[in-house]
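Structure data (compact mmCIF, C-alpha atoms and all ligand atoms) from target07.txt:
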```txt
# COMPACT_ATOMS: atom_id res chain seq x y z
CA VAL N 20 0.00 0.00 0.00
CA VAL N 21 1.65 3.21 -1.11
CA ILE N 22 1.21 6.89 -0.37
CA GLN N 23 -0.72 8.59 -3.15
CA ASP N 24 -0.93 12.08 -1.72
CA LEU N 25 -0.40 14.16 1.38
CA VAL N 26 -3.16 16.74 1.83
CA ILE N 27 -1.89 19.49 4.12
CA THR N 28 -4.47 21.89 5.54
CA PRO N 29 -3.61 24.80 7.85
CA VAL N 30 -6.40 25.56 10.31
CA ALA N 31 -7.21 28.17 12.96
CA PHE N 32 -9.45 27.56 15.98
CA HIS N 33 -10.71 29.62 18.89
CA ASP N 34 -8.48 29.97 21.89
CA PRO N 35 -9.16 31.94 25.09
CA PRO N 36 -6.85 34.78 26.24
CA LEU N 37 -4.51 32.60 28.30
CA LEU N 38 -1.47 34.35 29.78
CA ASN N 39 2.10 33.06 29.73
CA VAL N 40 5.63 34.35 30.04
CA TRP N 41 5.70 35.46 26.39
CA GLY N 42 2.33 37.26 26.34
CA THR N 43 -1.25 36.20 25.71
CA HIS N 44 -2.86 33.55 23.50
CA GLU N 45 -4.50 35.21 20.49
CA PRO N 46 -8.18 34.66 19.59
CA LEU N 47 -7.23 32.03 17.02
CA ALA N 48 -4.61 29.31 17.47
CA LEU N 49 -2.95 27.60 14.51
CA ARG N 50 -2.48 23.93 13.62
CA VAL N 51 -1.85 21.93 10.48
CA ILE N 52 -3.90 18.86 9.61
CA VAL N 53 -2.27 16.12 7.52
CA GLN N 54 -4.34 13.64 5.50
CA LEU N 55 -2.18 10.88 4.07
CA VAL N 56 -4.04 9.26 1.18
CA THR N 57 -3.04 5.74 0.16
CA ASP N 58 -3.69 3.96 -3.13
CA ASP N 59 -6.03 1.70 -1.16
CA GLY N 60 -8.28 4.68 -0.49
CA VAL N 61 -7.41 4.62 3.22
CA VAL N 62 -6.63 8.04 4.70
CA GLY N 63 -4.33 8.45 7.72
CA LEU N 64 -4.55 11.56 9.91
CA GLY N 65 -1.88 13.67 11.57
CA GLU N 66 -1.82 17.02 13.35
CA ALA N 67 1.07 19.43 13.78
CA PRO N 68 1.71 22.85 15.32
CA GLY N 69 0.82 25.74 12.99
CA GLY N 70 2.97 28.52 11.59
CA SER N 71 4.33 29.11 8.13
CA ALA N 72 7.74 27.44 8.62
CA LEU N 73 6.45 23.96 9.45
CA LEU N 74 3.68 24.35 6.88
CA ALA N 75 6.28 25.11 4.21
CA ARG N 76 8.39 22.12 5.26
CA LEU N 77 5.44 19.76 5.06
CA LEU N 78 4.60 21.09 1.60
CA ALA N 79 8.26 20.71 0.58
CA VAL N 80 8.49 17.02 1.52
CA ARG N 81 5.08 16.06 0.18
CA GLU N 82 6.06 15.11 -3.39
CA HIS N 83 9.01 13.03 -2.15
CA LEU N 84 6.69 10.70 -0.23
CA VAL N 85 4.33 9.88 -3.08
CA GLY N 86 4.75 6.23 -4.10
CA MET N 87 6.37 5.14 -0.81
CA ASP N 88 5.16 2.12 1.15
CA VAL N 89 3.03 3.42 4.03
CA PHE N 90 4.65 0.81 6.34
CA ALA N 91 8.23 1.92 5.50
CA LEU N 92 8.54 4.41 8.37
CA GLY N 93 12.34 4.24 8.55
CA ARG N 94 12.70 5.05 4.87
CA ILE N 95 9.99 7.70 4.99
CA GLU N 96 11.85 9.36 7.87
CA SER N 97 15.11 9.34 5.96
CA VAL N 98 13.40 10.78 2.86
CA VAL N 99 12.01 13.62 5.02
CA HIS N 100 15.48 14.36 6.44
CA HIS N 101 17.04 14.20 2.97
CA ALA N 102 14.36 16.38 1.33
CA LEU N 103 14.75 19.10 3.96
CA GLY N 104 18.54 18.90 3.87
CA PRO N 105 21.21 19.57 6.48
CA HIS N 106 20.56 23.33 6.41
CA THR N 107 17.27 22.54 8.17
CA GLY N 108 17.96 21.95 11.87
CA LEU N 109 17.44 18.47 13.28
CA GLY N 110 14.57 19.63 15.51
CA ASP N 111 12.75 21.11 12.52
CA ARG N 112 13.23 17.94 10.49
CA LEU N 113 11.92 15.81 13.35
CA ALA N 114 8.91 18.12 13.82
CA THR N 115 8.15 17.74 10.11
CA PHE N 116 8.36 13.95 10.25
CA ALA N 117 6.20 13.67 13.39
CA PRO N 118 2.72 14.30 11.88
CA ILE N 119 3.65 12.20 8.85
CA GLU N 120 4.62 9.31 11.14
CA VAL N 121 1.31 9.66 13.00
CA ALA N 122 -0.62 9.71 9.70
CA CYS N 123 1.26 6.60 8.50
CA LEU N 124 0.53 4.78 11.76
CA ASP N 125 -3.13 5.80 11.51
CA ALA N 126 -3.27 4.47 7.94
CA GLN N 127 -1.49 1.25 8.95
CA GLY N 128 -3.96 0.72 11.78
CA ARG N 129 -6.90 1.27 9.45
CA LEU N 130 -5.45 -1.18 6.93
CA LEU N 131 -4.89 -3.82 9.63
CA ASP N 132 -8.03 -2.94 11.60
CA ARG N 133 -5.96 -2.48 14.76
CA PRO N 134 -5.54 0.58 17.00
CA VAL N 135 -2.28 2.54 16.78
CA SER N 136 -1.47 1.47 20.34
CA ASP N 137 -1.25 -2.14 19.08
CA LEU N 138 1.24 -1.08 16.41
CA LEU N 139 3.40 0.50 19.12
CA GLY N 140 3.57 -2.64 21.22
CA GLY N 141 0.17 -2.66 22.85
CA ALA N 142 -1.52 -0.54 25.48
CA VAL N 143 -0.50 -1.20 29.09
CA ARG N 144 -3.44 0.88 30.35
CA GLU N 145 -7.01 1.36 29.14
CA ARG N 146 -7.29 4.99 30.17
CA VAL N 147 -4.72 7.80 30.21
CA ASP N 148 -4.76 10.44 32.94
CA PHE N 149 -4.49 14.09 32.00
CA ALA N 150 -3.92 17.12 34.24
CA ALA N 151 -6.06 20.25 34.44
CA TYR N 152 -3.97 22.93 32.76
CA LEU N 153 -4.62 26.15 34.70
CA PHE N 154 -3.82 29.56 33.25
CA TYR N 155 -3.98 33.10 34.50
CA LYS N 156 -6.45 34.52 32.04
CA TRP N 157 -8.20 37.68 30.92
CA SER N 158 -12.00 37.63 31.09
CA HIS N 159 -12.30 38.07 27.31
CA HIS N 160 -10.36 38.90 24.18
CA PRO N 161 -9.94 42.65 23.81
CA ASP N 162 -10.97 42.61 20.14
CA PRO N 163 -12.80 39.40 19.30
CA GLY N 164 -14.57 41.11 16.40
CA ALA N 165 -11.33 41.00 14.47
CA THR N 166 -11.73 37.23 14.14
CA GLY N 167 -15.45 37.07 13.53
CA SER N 168 -16.81 35.50 16.68
CA GLY N 169 -16.45 35.24 20.42
CA PRO N 170 -17.98 37.34 23.18
CA SER N 171 -18.42 41.03 22.47
CA ASP N 172 -15.90 43.44 23.92
CA GLY N 173 -16.17 43.59 27.69
CA GLU N 174 -18.35 40.51 28.07
CA PRO N 175 -16.57 37.64 29.86
CA ASP N 176 -16.16 34.40 27.94
CA ALA N 177 -17.42 31.09 29.32
CA TRP N 178 -14.36 30.74 31.55
CA GLY N 179 -14.18 34.24 33.01
CA ALA N 180 -11.10 35.97 34.37
CA ALA N 181 -8.37 34.34 36.47
CA LEU N 182 -6.02 37.10 37.53
CA ASP N 183 -5.24 36.10 41.12
CA PRO N 184 -5.15 33.03 43.40
CA ASP N 185 -8.94 33.04 43.91
CA GLY N 186 -9.52 33.20 40.16
CA ILE N 187 -7.23 30.21 39.57
CA VAL N 188 -8.92 28.21 42.33
CA ALA N 189 -12.32 28.94 40.73
CA GLN N 190 -10.97 27.89 37.33
CA ALA N 191 -9.54 24.68 38.83
CA ARG N 192 -12.90 23.97 40.46
CA LEU N 193 -14.64 24.35 37.11
CA LEU N 194 -12.17 22.05 35.31
CA VAL N 195 -12.22 19.43 38.09
CA ASP N 196 -16.03 19.48 38.26
CA ARG N 197 -16.43 19.23 34.51
CA TYR N 198 -13.67 16.73 33.67
CA GLY N 199 -12.76 15.05 36.97
CA PHE N 200 -9.08 15.96 36.71
CA GLY N 201 -7.00 14.43 39.48
CA SER N 202 -3.86 16.60 38.95
CA LEU N 203 -3.46 20.36 38.55
CA LYS N 204 -0.80 22.20 36.58
CA LEU N 205 -0.45 25.99 36.78
CA LYS N 206 1.17 27.88 33.92
CA GLY N 207 3.39 30.37 35.73
CA GLY N 208 5.93 32.98 34.72
CA VAL N 209 3.08 35.49 34.46
CA TYR N 210 3.22 37.29 37.80
CA ALA N 211 5.95 37.84 40.37
CA PRO N 212 6.90 34.61 42.20
CA ASP N 213 5.17 35.73 45.44
CA ILE N 214 1.78 35.74 43.67
CA GLU N 215 2.35 32.41 41.97
CA ILE N 216 3.51 30.81 45.24
CA ASP N 217 0.36 32.22 46.91
CA THR N 218 -1.67 30.69 44.07
CA ILE N 219 -0.12 27.26 44.67
CA ALA N 220 -0.86 27.64 48.40
CA ALA N 221 -4.50 28.49 47.58
CA LEU N 222 -4.74 25.43 45.31
CA ARG N 223 -3.21 23.27 48.04
CA ASP N 224 -5.86 24.47 50.51
CA ALA N 225 -8.72 23.97 48.04
CA PHE N 226 -7.51 20.64 46.63
CA PRO N 227 -5.54 18.94 49.43
CA ASP N 228 -5.25 15.61 47.59
CA HIS N 229 -4.46 16.80 44.05
CA PRO N 230 -0.82 16.63 42.91
CA LEU N 231 0.21 20.19 41.91
CA ARG N 232 2.72 21.42 39.36
CA LEU N 233 4.01 24.88 38.50
CA ASP N 234 5.66 25.83 35.20
CA PRO N 235 7.24 29.32 35.15
CA ASN N 236 8.77 28.69 31.69
CA GLY N 237 12.25 29.81 32.70
CA ALA N 238 11.06 33.18 34.05
CA TRP N 239 13.17 32.98 37.19
CA THR N 240 16.88 33.39 37.88
CA VAL N 241 18.67 30.55 39.64
CA GLU N 242 18.59 32.52 42.91
CA THR N 243 14.87 33.26 42.62
CA SER N 244 14.20 29.61 41.73
CA ILE N 245 16.09 28.34 44.78
CA ASP N 246 14.25 30.75 47.07
CA ALA N 247 10.87 29.89 45.51
CA ALA N 248 11.59 26.16 45.69
CA ARG N 249 12.35 26.51 49.41
CA ARG N 250 8.95 28.15 49.92
CA LEU N 251 7.18 25.61 47.70
CA SER N 252 8.77 22.59 49.36
CA GLY N 253 6.22 19.95 50.24
CA THR N 254 3.49 21.33 47.97
CA LEU N 255 4.55 20.31 44.46
CA GLU N 256 4.65 17.03 42.57
CA TYR N 257 7.22 18.75 40.37
CA LEU N 258 8.48 22.20 39.43
CA GLU N 259 8.78 22.62 35.68
CA ASP N 260 11.48 24.80 34.10
CA PRO N 261 11.81 27.41 36.87
CA THR N 262 14.95 28.65 35.14
CA LEU N 263 16.54 28.28 31.70
CA GLY N 264 19.26 25.87 30.65
CA ILE N 265 20.81 22.66 31.95
CA GLU N 266 23.41 24.56 34.03
CA GLY N 267 20.80 26.67 35.78
CA MET N 268 18.40 23.77 36.34
CA SER N 269 21.27 21.74 37.75
CA ALA N 270 22.08 24.48 40.28
CA VAL N 271 18.42 24.65 41.33
CA ALA N 272 18.08 20.87 41.51
CA ALA N 273 21.06 20.68 43.88
CA ALA N 274 19.35 23.11 46.26
CA THR N 275 15.83 21.66 46.48
CA ASP N 276 14.06 18.41 47.26
CA ILE N 277 11.31 19.22 44.72
CA PRO N 278 11.74 17.16 41.54
CA LEU N 279 12.45 19.40 38.54
CA ALA N 280 10.81 18.71 35.18
CA THR N 281 11.51 20.16 31.75
CA ASN N 282 10.28 20.61 28.24
CA MET N 283 12.70 23.50 27.66
CA CYS N 284 16.25 22.37 28.50
CA VAL N 285 15.85 18.76 27.33
CA VAL N 286 14.08 18.94 23.99
CA GLY N 287 15.83 16.14 22.11
CA PHE N 288 17.98 13.06 22.62
CA ASP N 289 21.15 15.19 22.25
CA ASP N 290 20.27 17.05 25.45
CA LEU N 291 20.04 13.92 27.60
CA PRO N 292 23.74 13.20 28.28
CA ALA N 293 24.47 16.66 29.71
CA ALA N 294 21.22 16.74 31.68
CA VAL N 295 21.99 13.35 33.22
CA ARG N 296 25.65 14.20 33.90
CA GLN N 297 24.66 17.41 35.68
CA ASP N 298 21.64 15.92 37.42
CA ALA N 299 19.60 18.83 36.06
CA VAL N 300 16.15 17.24 35.87
CA ALA N 301 14.17 14.41 37.45
CA ILE N 302 11.38 14.31 34.86
CA VAL N 303 11.41 14.83 31.08
CA LEU N 304 8.26 16.02 29.36
CA GLY N 305 8.06 14.19 26.06
CA ASP N 306 6.00 15.40 23.13
CA HIS N 307 5.72 13.38 19.94
CA HIS N 308 5.23 16.58 17.91
CA ALA N 309 8.65 17.88 18.95
CA TRP N 310 10.66 14.69 19.49
CA GLY N 311 10.03 13.28 16.02
CA GLY N 312 7.04 11.04 16.42
CA MET N 313 5.41 8.53 18.71
CA ARG N 314 8.01 5.78 18.33
CA ARG N 315 10.77 8.13 19.44
CA VAL N 316 8.90 9.05 22.61
CA VAL N 317 8.49 5.32 23.34
CA GLU N 318 12.31 5.12 23.02
CA LEU N 319 12.62 8.15 25.29
CA GLY N 320 10.62 6.24 27.89
CA ARG N 321 13.16 3.41 27.83
CA LEU N 322 16.07 5.83 28.17
CA CYS N 323 14.38 7.62 31.04
CA ARG N 324 13.96 4.30 32.82
CA THR N 325 17.64 3.52 32.25
CA TRP N 326 18.67 6.72 34.00
CA ASN N 327 15.90 6.61 36.59
CA LEU N 328 14.25 9.72 35.15
CA GLY N 329 10.49 10.22 35.19
CA LEU N 330 8.56 10.80 31.97
CA SER N 331 5.59 13.10 31.61
CA MET N 332 3.96 14.71 28.56
CA HIS N 333 4.04 18.28 27.26
CA SER N 334 1.19 19.91 25.34
CA ASN N 335 0.49 22.90 23.11
CA SER N 336 -2.92 24.20 21.99
CA HIS N 337 -4.26 21.29 19.95
CA LEU N 338 -7.25 19.45 18.52
CA GLY N 339 -8.56 15.90 18.77
CA ILE N 340 -6.21 14.17 16.33
CA SER N 341 -3.30 15.16 18.54
CA LEU N 342 -5.20 14.15 21.68
CA ALA N 343 -5.88 10.71 20.20
CA ALA N 344 -2.20 10.31 19.29
CA MET N 345 -1.08 11.49 22.75
CA THR N 346 -3.47 9.02 24.36
CA HIS N 347 -2.25 6.04 22.30
CA LEU N 348 1.35 7.04 23.02
CA ALA N 349 0.84 7.38 26.77
CA ALA N 350 -1.08 4.10 26.79
CA VAL N 351 1.89 2.11 25.44
CA THR N 352 4.57 3.84 27.53
CA PRO N 353 4.73 2.11 30.93
CA THR N 354 7.04 4.73 32.46
CA LEU N 355 4.72 7.60 31.56
CA ASP N 356 2.98 7.49 34.90
CA TYR N 357 2.32 11.19 35.46
CA ALA N 358 -0.93 12.73 34.27
CA CYS N 359 -0.22 14.21 30.83
CA ASP N 360 -0.57 17.90 30.04
CA THR N 361 -3.31 18.91 27.63
CA HIS N 362 -4.79 22.21 26.44
CA TYR N 363 -7.78 20.30 25.04
CA PRO N 364 -10.53 21.71 27.32
CA TRP N 365 -9.60 25.23 26.15
CA ASN N 366 -9.91 24.34 22.47
CA SER N 367 -12.13 21.27 22.12
CA GLY N 368 -15.24 23.35 21.35
CA ASP N 369 -13.75 23.96 17.91
CA ASP N 370 -12.65 20.38 17.26
CA ILE N 371 -12.66 18.73 13.84
CA ILE N 372 -13.36 15.13 14.75
CA VAL N 373 -16.65 13.41 14.04
CA GLY N 374 -18.96 13.16 17.03
CA GLY N 375 -17.48 16.13 18.88
CA PRO N 376 -14.62 16.30 21.36
CA LEU N 377 -13.08 13.14 22.79
CA PRO N 378 -14.56 12.84 26.29
CA ILE N 379 -12.36 13.47 29.32
CA GLU N 380 -14.03 11.69 32.24
CA GLY N 381 -12.62 11.09 35.70
CA GLY N 382 -9.61 13.12 34.50
CA SER N 383 -8.75 10.54 31.87
CA VAL N 384 -9.31 9.66 28.24
CA ALA N 385 -10.19 6.11 27.16
CA VAL N 386 -7.61 4.74 24.74
CA PRO N 387 -9.50 4.59 21.44
CA THR N 388 -10.11 1.00 20.37
CA GLY N 389 -11.14 1.65 16.77
CA ALA N 390 -8.80 1.15 13.83
CA GLY N 391 -5.81 3.51 13.66
CA LEU N 392 -6.06 6.54 15.92
CA GLY N 393 -9.76 5.74 16.34
CA VAL N 394 -10.98 9.19 15.33
CA GLU N 395 -12.59 10.39 12.09
CA LEU N 396 -12.11 13.78 10.47
CA ASP N 397 -15.19 15.99 10.08
CA GLU N 398 -14.54 17.46 6.63
CA GLU N 399 -17.09 20.23 7.11
CA ARG N 400 -15.46 21.36 10.35
CA LEU N 401 -12.05 21.14 8.69
CA HIS N 402 -13.33 23.46 5.98
CA VAL N 403 -14.64 25.95 8.57
CA LEU N 404 -11.34 25.97 10.45
CA HIS N 405 -9.40 26.34 7.21
CA GLU N 406 -11.57 29.34 6.29
CA GLN N 407 -10.79 30.80 9.72
CA TYR N 408 -7.11 30.33 8.92
CA LEU N 409 -7.51 32.03 5.55
CA SER N 410 -9.33 34.95 7.23
CA LEU N 411 -6.10 35.62 9.12
CA GLY N 412 -4.16 35.83 5.86
CA GLY N 413 -1.69 33.18 7.03
CA GLY N 414 0.22 34.22 10.06
CA GLU N 415 2.32 33.14 12.97
CA ARG N 416 1.60 32.72 16.63
CA ASP N 417 2.40 36.05 18.28
CA ASP N 418 1.61 36.01 22.00
CA THR N 419 3.90 38.99 22.63
CA GLY N 420 2.46 41.23 19.91
CA TYR N 421 -1.06 40.47 21.12
CA ARG N 422 -0.22 41.32 24.76
CA ARG N 423 1.37 44.59 23.64
CA ARG N 424 -1.95 45.75 22.21
CA ILE N 425 -3.09 45.98 25.84
CA GLU N 426 0.25 46.56 27.56
CA PRO N 427 2.43 48.41 25.04
CA GLY N 428 5.51 48.19 27.26
CA PHE N 429 5.28 44.41 27.79
CA ASP N 430 8.76 42.86 27.65
CA PRO N 431 8.95 39.07 27.11
CA ALA N 432 12.61 38.83 28.12
CA VAL N 433 13.56 36.15 30.67
CA PRO N 434 14.67 35.72 33.36
CA ARG N 435 12.22 38.33 34.57
CA TRP N 436 12.45 37.78 38.30
MG MG N 501 6.56 23.57 30.13
```
Can the structure from this file be put into structure tokens for me?
Ligand SMILES: [Mg+2]
Amino acid sequence: VVIQDLVITPVAFHDPPLLNVWGTHEPLALRVIVQLVTDDGVVGLGEAPGGSALLARLLAVREHLVGMDVFALGRIESVVHHALGPHTGLGDRLATFAPIEVACLDAQGRLLDRPVSDLLGGAVRERVDFAAYLFYKWSHHPDPGATGSGPSDGEPDAWGAALDPDGIVAQARLLVDRYGFGSLKLKGGVYAPDIEIDTIAALRDAFPDHPLRLDPNGAWTVETSIDAARRLSGTLEYLEDPTLGIEGMSAVAAATDIPLATNMCVVGFDDLPAAVRQDAVAIVLGDHHAWGGMRRVVELGRLCRTWNLGLSMHSNSHLGISLAAMTHLAAVTPTLDYACDTHYPWNSGDDIIVGGPLPIEGGSVAVPTGAGLGVELDEERLHVLHEQYLSLGGGERDDTGYRRRIEPGFDPAVPRW
């Protein structure tokens, strides 16, 4: 069974005004949907982060894959690397291959009538736990009219504001009530450490049994991180990227008993030796979109076990194809025993899979048992989201530029505190 075509569709979907160290999420978030068409008529699905660079790379490799055996993943990967050439960084080549690998695995599963988890060695769990991903958040987008829909200016969206500890606790309550999440992750790096530490304390009081995580995205100096870690001791399951770089994380790790996690200083296999040598992190956050596909993250799990590192999962704003892939991947990775990150509740209202969003119940997602990824693409919804993308005239994610429309002096530089 050979690849006949790769249909690559950029999409844009609604995203609330979530705050992070770089700025604020814009009204529309970007993704790319890959449909890999085989000569058997079977179509495999993949989903990748948006933005013109990855889109251009996917379009550039497309013709090179036509005629290739859909089961020849090793050769397909090498063709992708070769087509992009050595002037394209390894991380960019891996990010290009990732959605193609997922689409191939989806097609293989459909051809064999087996779920993707079976192709990766078989699920070791029937459900995968996810964490509630908490964000400081504006009550509404300042100019939703620019993108056609959303609440009118001044009217809070369905989530409301979360600009202080009480707001985050209310948001956590809503997410826990609605989805049953058993772990809470706070996106930090937004306010001064005192406020974020107070927020964690408020979450601890309100949810005494929920594991808590804080991710300041490298916003803190080593000194600030050590001081904050001292004050956070005993409250966190892990502290994610308090400071930038393996050196800095190593200095923080030596000064705290809180496990440190990262998706910023260990972002590929090349980063592992130094991180292990310097004892910089206790937990690596894998992400098949960034690490070069699902099979590579399975390999990462084995390496993490070798070095006694934990494995958790990173997320970006995404739709249901990615959630299905993340769920299959976590299901087959025995060492991935932390609740995975997901932005899905923030974006699932705009999803493109048939039957609506994949349900999150009891804080977990059932591993799909249908053929392939176990989700079907809603072509009409895909068309709507592609039109939304076209209405933007292309574009890149620009959290900083968006924040500056409200706070002209906003400076995204880190470390900030
Ligand atoms: Mg992170």
Q: Tell me which of N:Pro376, N:Pro35, N:Pro235, N:Pro134 sits closest to ligand MG 501 (chain N), counting all atoms listed in the file.
A: N:Pro235
(Q) From the options N:Val394, N:Ala220, N:Ile119, N:Ile302, which residue's atoms come nearest to ligand MG 501 (chain N), counting only C-alpha atoms and all ligand atoms? (A)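 Between N:Val394, N:Ala220, N:Ile119, N:Ile302, the residue approaching ligand MG 501 (chain N) most closely is N:Ile302.
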(Q) Around ligand MG 501 (chain N), which protein and nucleic acid residues have at least one atom no more than 8 Å from it, if we count all atoms listed in the file? List them as a PyMOL selection string. (A) chain N and resi 206+234-236+259-260+281-283+304+333
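You can rank N:Ala177, N:Val271, N:Leu92, N:Leu55 by their closest distance to Val26 (chain N) using only C-alpha atoms, and at the top of that list sits N:Leu55.
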Which polymer residues have any atom within 10 Å of an atom of region 384-393 of chain N, counting all atoms listed in the file, with same-chain residues fewer than 2 positions away left out, as an mmCIF file with C-alpha atoms, in the coordinates of the input?
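Dumped everything to part_12.cif:
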```
data_model
loop_
_atom_site.group_PDB
_atom_site.id
_atom_site.type_symbol
_atom_site.label_atom_id
_atom_site.label_comp_id
_atom_site.auth_asym_id
_atom_site.auth_seq_id
_atom_site.Cartn_x
_atom_site.Cartn_y
_atom_site.Cartn_z
ATOM 1 C CA GLY N 63 -4.330 8.450 7.720
ATOM 2 C CA LEU N 64 -4.550 11.560 9.910
ATOM 3 C CA GLY N 65 -1.880 13.670 11.570
ATOM 4 C CA VAL N 121 1.310 9.660 13.000
ATOM 5 C CA ALA N 122 -0.620 9.710 9.700
ATOM 6 C CA CYS N 123 1.260 6.600 8.500
ATOM 7 C CA LEU N 124 0.530 4.780 11.760
ATOM 8 C CA ASP N 125 -3.130 5.800 11.510
ATOM 9 C CA ALA N 126 -3.270 4.470 7.940
ATOM 10 C CA GLN N 127 -1.490 1.250 8.950
ATOM 11 C CA GLY N 128 -3.960 0.720 11.780
ATOM 12 C CA ARG N 129 -6.900 1.270 9.450
ATOM 13 C CA LEU N 130 -5.450 -1.180 6.930
ATOM 14 C CA LEU N 131 -4.890 -3.820 9.630
ATOM 15 C CA ASP N 132 -8.030 -2.940 11.600
ATOM 16 C CA ARG N 133 -5.960 -2.480 14.760
ATOM 17 C CA PRO N 134 -5.540 0.580 17.000
ATOM 18 C CA VAL N 135 -2.280 2.540 16.780
ATOM 19 C CA SER N 136 -1.470 1.470 20.340
ATOM 20 C CA ASP N 137 -1.250 -2.140 19.080
ATOM 21 C CA LEU N 138 1.240 -1.080 16.410
ATOM 22 C CA ALA N 142 -1.520 -0.540 25.480
ATOM 23 C CA ARG N 144 -3.440 0.880 30.350
ATOM 24 C CA GLU N 145 -7.010 1.360 29.140
ATOM 25 C CA ARG N 146 -7.290 4.990 30.170
ATOM 26 C CA VAL N 147 -4.720 7.800 30.210
ATOM 27 C CA ASP N 148 -4.760 10.440 32.940
ATOM 28 C CA PHE N 149 -4.490 14.090 32.000
ATOM 29 C CA TYR N 198 -13.670 16.730 33.670
ATOM 30 C CA ILE N 340 -6.210 14.170 16.330
ATOM 31 C CA SER N 341 -3.300 15.160 18.540
ATOM 32 C CA LEU N 342 -5.200 14.150 21.680
ATOM 33 C CA ALA N 343 -5.880 10.710 20.200
ATOM 34 C CA ALA N 344 -2.200 10.310 19.290
ATOM 35 C CA MET N 345 -1.080 11.490 22.750
ATOM 36 C CA THR N 346 -3.470 9.020 24.360
ATOM 37 C CA HIS N 347 -2.250 6.040 22.300
ATOM 38 C CA LEU N 348 1.350 7.040 23.020
ATOM 39 C CA ALA N 349 0.840 7.380 26.770
ATOM 40 C CA ALA N 350 -1.080 4.100 26.790
ATOM 41 C CA VAL N 351 1.890 2.110 25.440
ATOM 42 C CA LEU N 377 -13.080 13.140 22.790
ATOM 43 C CA PRO N 378 -14.560 12.840 26.290
ATOM 44 C CA ILE N 379 -12.360 13.470 29.320
ATOM 45 C CA GLU N 380 -14.030 11.690 32.240
ATOM 46 C CA GLY N 381 -12.620 11.090 35.700
ATOM 47 C CA GLY N 382 -9.610 13.120 34.500
ATOM 48 C CA GLU N 395 -12.590 10.390 12.090
#
```
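Considering all atoms listed in the file, the residue among N:Trp436, N:Arg296, N:Glu82, N:Asp369 positioned nearest to Gln407 (chain N) is N:Asp369.
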Q: Just give me the residues with any atom within 12 Å of (-2.3, 19.5, 38.5), file coordinates, counting all atoms listed in the file, written as a PyMOL selection string.
A: chain N and resi 148-154+187-188+191-192+194-195+199-206+219+222-223+226-234+254-259+357-361+382
Q) With all atoms listed in the file as the atoms that count, which of N:Val433, N:Val403, N:Ile265, N:Leu328 lies nearest to Ala31 (chain N)? A)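 Going through N:Val433, N:Val403, N:Ile265, N:Leu328 one by one, the smallest distance to Ala31 (chain N) is for N:Val403.
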Q.
Give me the residues near region 266-270 of chain N as a PyMOL selection string, where near means some atom within 12 Å (using only C-alpha atoms) and where sequence neighbours in that chain fewer than 3 positions away do not count.
A. chain N and resi 236-245+248+258-263+273-275+277-285+290+293-302+434
(Q) To one decimal place in Å, what is the distance between CA of Gly414 (chain N) and CA of Ile22 (chain N)? (A)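 Rounded to one decimal, the two atoms are 29.3 Å apart.
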Q) Could you work out how far CA of Ser252 (chain N) lies from CA of Asp224 (chain N), giving the answer in Å with one decimal? A)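 If I compute the distance from CA of Asp224 (chain N) to CA of Ser252 (chain N), I get 14.8 Å.
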Please write out, as lines of an AutoDock Vina configuration file, where the centre of an axis-aligned box around all listed atoms of region 193-199 of chain N lies and how long its edges are, in Å to one decimal, after adding 8 Å on each side.
```
center_x = -14.3
center_y = 19.7
center_z = 36.0
size_x = 20.3
size_y = 25.3
size_z = 20.6
```
